[in-house]
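In what follows, a structure is listed as structure tokens, so that the remarks can point back to it.
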Amino acid sequence: MNLFNRILLITVITFGSIYSAQYLKVEYENIELQDPPTSFGVSKEFQEKLKAERKKPQKFFLYYANGDSFYKSIPKESFTHNAGDARKDENTVLHKREVFKDKEIKIFKPKGQNAVYGYYSYPDIKEEFYGSTEAKFSQVEYKDETIIIDKYVCKLVEVSFPNNPSDKTKVWYTEDIPISAGPNAFNIFPGLVLRVESPQYINTAVKISNEAKLSDLEKINPKLPVYKEEEFYKKMKEIRERRSKVTKEEIRL
């Protein structure tokens, strides 16, 4: 067997072993391209610290097994900023503490479904539920361009969303791993998505393996409510309104 055929055989065996095992683990690195929106009611110092934290790359993981996929983030480091004290009376001081705590993102895509289920938890208002949506693109255009990511040939498809059709998002997927899975809701294409380039962020796979275990794939809790499509959007609007007030911590002297 000559060298070329040996390399080709090794490549085929590698692709085949990853796909046939059906237990995939993909590590992604996400880079934010835009500064966070200005938050009213917080100090300039807190806003600058938040901006610096958002610019740091963030890790995400995708687990896939037997048609089910589970995508999650590794939360960024929390921090607290003291924005000043105010005396309420001779025994009480109001301490304004600005807190950044990144939430863990969890997105589930059950086998045979087009919808994804995002997990949402707000302990401060005692809310915990799933939001279910389907990817809706106003335009999907497959291109001839290709790139190599972690030795996989990736094809390009450009998509846009109904709420902003002028913004194009580039999605790079590989047919070498022919499963419909990827970050967030980018999981309807004929291959594993390894890179997403949007105006807001770039999310790229940095490690692909078949090291996933069934225990890595969290399951949807059947005891929690599920809000679908318009119900979910209404629920999130309600959540934002309930959590919009700035909280202050009372410290007794």
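By order in the structure tokens, chains are A, B, ...; within a chain, residues start at 1; ligands start at 1, following the order shown.
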Compile a residue-level contact table for stretch 53-131 of chain A against stretch 220-233 of chain A at a cut-off of 6 Å, reporting for every qualifying residue the shortest atom pair and its distance in Å to one decimal, with only C-alpha atoms counted, rows ordered by chain and ascending number, as a Markdown table.
| residue | atom | partner | partner_atom | distance |
| --- | --- | --- | --- | --- |
| A:Phe129 | CA | A:Pro225 | CA | 5.2 |
| A:Tyr130 | CA | A:Val226 | CA | 4.7 |
| A:Gly131 | CA | A:Tyr227 | CA | 5.0 |
For the selection just defined, write its residues with C-alpha atoms to a file, as an mmCIF file, in the first residue's frame.
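selection31.cif was written with the following content:
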data_model
loop_
_atom_site.group_PDB
_atom_site.id
_atom_site.type_symbol
_atom_site.label_atom_id
_atom_site.label_comp_id
_atom_site.auth_asym_id
_atom_site.auth_seq_id
_atom_site.Cartn_x
_atom_site.Cartn_y
_atom_site.Cartn_z
ATOM 1 C CA PHE A 129 -38.996 26.943 32.818
ATOM 2 C CA TYR A 130 -38.077 26.025 29.228
ATOM 3 C CA GLY A 131 -38.578 28.157 26.140
#
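Remark: for A:Lys168, the closest of the candidate residues A:Phe108, A:Ala212, A:Val140, A:Asp68 is A:Val140 (distances computed over only C-alpha atoms).
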Report task. Identify which of the residues A:Glu27, A:Asp167, A:Glu32, A:Glu134 lies closest to A:Tyr201, counting only C-alpha atoms when measuring atom-to-atom distances. Result -> A:Glu32
Requested in this report: Could you pull out the residues in stretch 2-203 of chain A that DSSP calls strand (DSSP E) from the backbone, as a ChimeraX atom specification?
Outcome: /A:23-32,58-65,68-73,79-89,92-100,106-109,115-122,127-134,139-149,152-161,164-174,192-197,201-203
Hey, can you spit out that residue selection with C-alpha atoms as a CSV table (one decimal), in the first residue's frame?
chain,number,residue,atom,x,y,z
A,23,TYR,CA,-21.1,10.1,20.7
A,24,LEU,CA,-19.7,13.5,19.8
A,25,LYS,CA,-18.2,16.2,22.0
A,26,VAL,CA,-17.4,19.5,20.4
A,27,GLU,CA,-15.6,22.4,22.2
A,28,TYR,CA,-16.3,25.9,20.8
A,29,GLU,CA,-14.8,29.3,21.5
A,30,ASN,CA,-17.1,32.2,21.3
A,31,ILE,CA,-15.8,35.8,20.8
A,32,GLU,CA,-18.2,38.8,21.2
A,58,GLN,CA,-16.0,32.0,26.3
A,59,LYS,CA,-16.1,28.3,26.1
A,60,PHE,CA,-19.2,26.3,24.9
A,61,PHE,CA,-19.7,22.5,24.6
A,62,LEU,CA,-21.9,20.5,22.3
A,63,TYR,CA,-22.7,16.9,23.2
A,64,TYR,CA,-24.4,14.6,20.7
A,65,ALA,CA,-25.6,11.0,21.2
A,68,ASP,CA,-30.1,14.0,20.9
A,69,SER,CA,-27.9,17.1,21.4
A,70,PHE,CA,-27.2,19.3,24.3
A,71,TYR,CA,-25.3,22.6,24.1
A,72,LYS,CA,-24.1,24.6,27.1
A,73,SER,CA,-21.8,27.5,28.1
A,79,PHE,CA,-17.7,40.0,40.0
A,80,THR,CA,-19.1,42.6,42.3
A,81,HIS,CA,-18.7,46.4,42.4
A,82,ASN,CA,-19.6,48.7,45.3
A,83,ALA,CA,-21.4,51.7,43.8
A,84,GLY,CA,-21.7,53.7,47.0
A,85,ASP,CA,-23.5,53.8,50.3
A,86,ALA,CA,-26.4,56.0,51.4
A,87,ARG,CA,-27.5,56.4,55.0
A,88,LYS,CA,-31.2,55.7,55.5
A,89,ASP,CA,-31.3,56.5,59.2
A,92,THR,CA,-29.4,51.7,58.6
A,93,VAL,CA,-27.1,52.1,55.6
A,94,LEU,CA,-28.2,51.4,52.0
A,95,HIS,CA,-25.4,49.6,50.2
A,96,LYS,CA,-25.7,49.7,46.4
A,97,ARG,CA,-23.9,46.6,45.1
A,98,GLU,CA,-23.7,46.0,41.4
A,99,VAL,CA,-23.2,42.3,40.6
A,100,PHE,CA,-22.4,40.5,37.4
A,106,LYS,CA,-28.4,25.2,28.3
A,107,ILE,CA,-30.0,24.3,25.0
A,108,PHE,CA,-31.6,20.9,24.2
A,109,LYS,CA,-32.6,19.4,20.9
A,115,ALA,CA,-37.5,22.8,17.9
A,116,VAL,CA,-34.8,23.6,20.5
A,117,TYR,CA,-35.5,24.0,24.2
A,118,GLY,CA,-33.7,26.7,26.2
A,119,TYR,CA,-33.5,26.4,30.0
A,120,TYR,CA,-34.2,29.6,32.0
A,121,SER,CA,-33.9,30.0,35.8
A,122,TYR,CA,-34.5,33.2,37.8
A,127,GLU,CA,-39.2,31.2,38.0
A,128,GLU,CA,-37.9,28.2,36.2
A,129,PHE,CA,-39.0,26.9,32.8
A,130,TYR,CA,-38.1,26.0,29.2
A,131,GLY,CA,-38.6,28.2,26.1
A,132,SER,CA,-39.2,26.3,22.9
A,133,THR,CA,-38.5,27.8,19.5
A,134,GLU,CA,-37.7,26.7,16.0
A,139,GLN,CA,-33.1,33.6,3.7
A,140,VAL,CA,-30.9,30.5,3.3
A,141,GLU,CA,-28.3,30.6,0.6
A,142,TYR,CA,-25.8,27.8,0.1
A,143,LYS,CA,-22.4,29.0,-1.2
A,144,ASP,CA,-19.4,27.3,-3.0
A,145,GLU,CA,-16.8,28.5,-0.5
A,146,THR,CA,-15.1,26.1,1.8
A,147,ILE,CA,-12.6,26.3,4.7
A,148,ILE,CA,-10.8,23.8,6.9
A,149,ILE,CA,-11.6,23.6,10.6
A,152,TYR,CA,-12.7,19.0,8.4
A,153,VAL,CA,-13.8,20.5,5.1
A,154,CYS,CA,-16.6,23.0,5.9
A,155,LYS,CA,-19.1,24.3,3.4
A,156,LEU,CA,-20.8,27.7,3.7
A,157,VAL,CA,-24.4,28.7,4.0
A,158,GLU,CA,-25.5,32.3,4.6
A,159,VAL,CA,-28.7,32.9,6.6
A,160,SER,CA,-30.6,35.9,7.7
A,161,PHE,CA,-33.4,36.3,10.3
A,164,ASN,CA,-33.2,41.8,10.6
A,165,PRO,CA,-32.9,40.4,7.0
A,166,SER,CA,-30.1,42.7,6.0
A,167,ASP,CA,-27.7,41.1,8.5
A,168,LYS,CA,-26.0,38.0,7.1
A,169,THR,CA,-24.8,35.2,9.3
A,170,LYS,CA,-22.2,32.8,7.9
A,171,VAL,CA,-22.6,29.2,9.0
A,172,TRP,CA,-19.9,26.7,8.3
A,173,TYR,CA,-20.8,23.0,8.4
A,174,THR,CA,-19.0,19.8,7.6
A,192,LEU,CA,-22.2,19.4,12.0
A,193,VAL,CA,-21.8,23.2,12.3
A,194,LEU,CA,-18.3,24.1,13.3
A,195,ARG,CA,-18.3,27.8,12.9
A,196,VAL,CA,-20.9,30.7,13.1
A,197,GLU,CA,-20.0,34.2,12.1
A,201,TYR,CA,-20.1,37.1,17.6
A,202,ILE,CA,-17.9,34.4,16.1
A,203,ASN,CA,-18.2,30.9,17.5
Residues within 12 Å of A:Arg242, please, as a PDB file with N, CA, C and O atoms, in the first residue's frame. Count only C-alpha atoms; anything in the same chain fewer than 5 positions from it doesn't count.
ATOM      1  N   TYR A 122     -34.632  31.871  37.175  1.00  0.00           N
ATOM      2  CA  TYR A 122     -34.544  33.172  37.838  1.00  0.00           C
ATOM      3  C   TYR A 122     -34.911  32.986  39.309  1.00  0.00           C
ATOM      4  O   TYR A 122     -36.075  33.186  39.697  1.00  0.00           O
ATOM      5  N   ASP A 124     -34.392  34.752  41.877  1.00  0.00           N
ATOM      6  CA  ASP A 124     -34.835  35.949  42.591  1.00  0.00           C
ATOM      7  C   ASP A 124     -36.339  36.168  42.489  1.00  0.00           C
ATOM      8  O   ASP A 124     -36.941  36.799  43.364  1.00  0.00           O
ATOM      9  N   ILE A 125     -36.964  35.659  41.416  1.00  0.00           N
ATOM     10  CA  ILE A 125     -38.417  35.793  41.292  1.00  0.00           C
ATOM     11  C   ILE A 125     -39.090  34.416  41.229  1.00  0.00           C
ATOM     12  O   ILE A 125     -40.257  34.301  40.860  1.00  0.00           O
ATOM     13  N   LYS A 126     -38.317  33.393  41.587  1.00  0.00           N
ATOM     14  CA  LYS A 126     -38.831  32.030  41.687  1.00  0.00           C
ATOM     15  C   LYS A 126     -39.490  31.548  40.389  1.00  0.00           C
ATOM     16  O   LYS A 126     -40.626  31.057  40.369  1.00  0.00           O
ATOM     17  N   GLU A 127     -38.742  31.699  39.309  1.00  0.00           N
ATOM     18  CA  GLU A 127     -39.208  31.240  38.000  1.00  0.00           C
ATOM     19  C   GLU A 127     -38.188  30.259  37.412  1.00  0.00           C
ATOM     20  O   GLU A 127     -36.987  30.491  37.468  1.00  0.00           O
ATOM     21  N   LYS A 235     -43.586  35.483  27.854  1.00  0.00           N
ATOM     22  CA  LYS A 235     -43.056  35.149  29.177  1.00  0.00           C
ATOM     23  C   LYS A 235     -41.760  35.911  29.437  1.00  0.00           C
ATOM     24  O   LYS A 235     -41.558  36.427  30.543  1.00  0.00           O
ATOM     25  N   MET A 236     -40.878  35.998  28.444  1.00  0.00           N
ATOM     26  CA  MET A 236     -39.618  36.704  28.627  1.00  0.00           C
ATOM     27  C   MET A 236     -39.837  38.201  28.834  1.00  0.00           C
ATOM     28  O   MET A 236     -39.122  38.835  29.612  1.00  0.00           O
ATOM     29  N   LYS A 237     -40.828  38.757  28.168  1.00  0.00           N
ATOM     30  CA  LYS A 237     -41.159  40.171  28.389  1.00  0.00           C
ATOM     31  C   LYS A 237     -41.617  40.389  29.826  1.00  0.00           C
ATOM     32  O   LYS A 237     -41.218  41.369  30.485  1.00  0.00           O
ATOM     33  N   THR A 247     -31.933  46.622  42.712  1.00  0.00           N
ATOM     34  CA  THR A 247     -32.078  46.188  44.099  1.00  0.00           C
ATOM     35  C   THR A 247     -31.001  46.808  44.971  1.00  0.00           C
ATOM     36  O   THR A 247     -29.889  47.077  44.527  1.00  0.00           O
TER      37      THR A 247
END
**Report entry** Neighbour list for stretch 41-43 of chain A as number ranges by chain, cut-off 8 Å, only C-alpha atoms, skip fewer than 2 positions in-chain
**Finding:** A: 39, 45-47, 83, 98, 246
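Picture a line from atom CA of A:Lys76 to atom CA of A:Pro110; it runs 26.9 Å.
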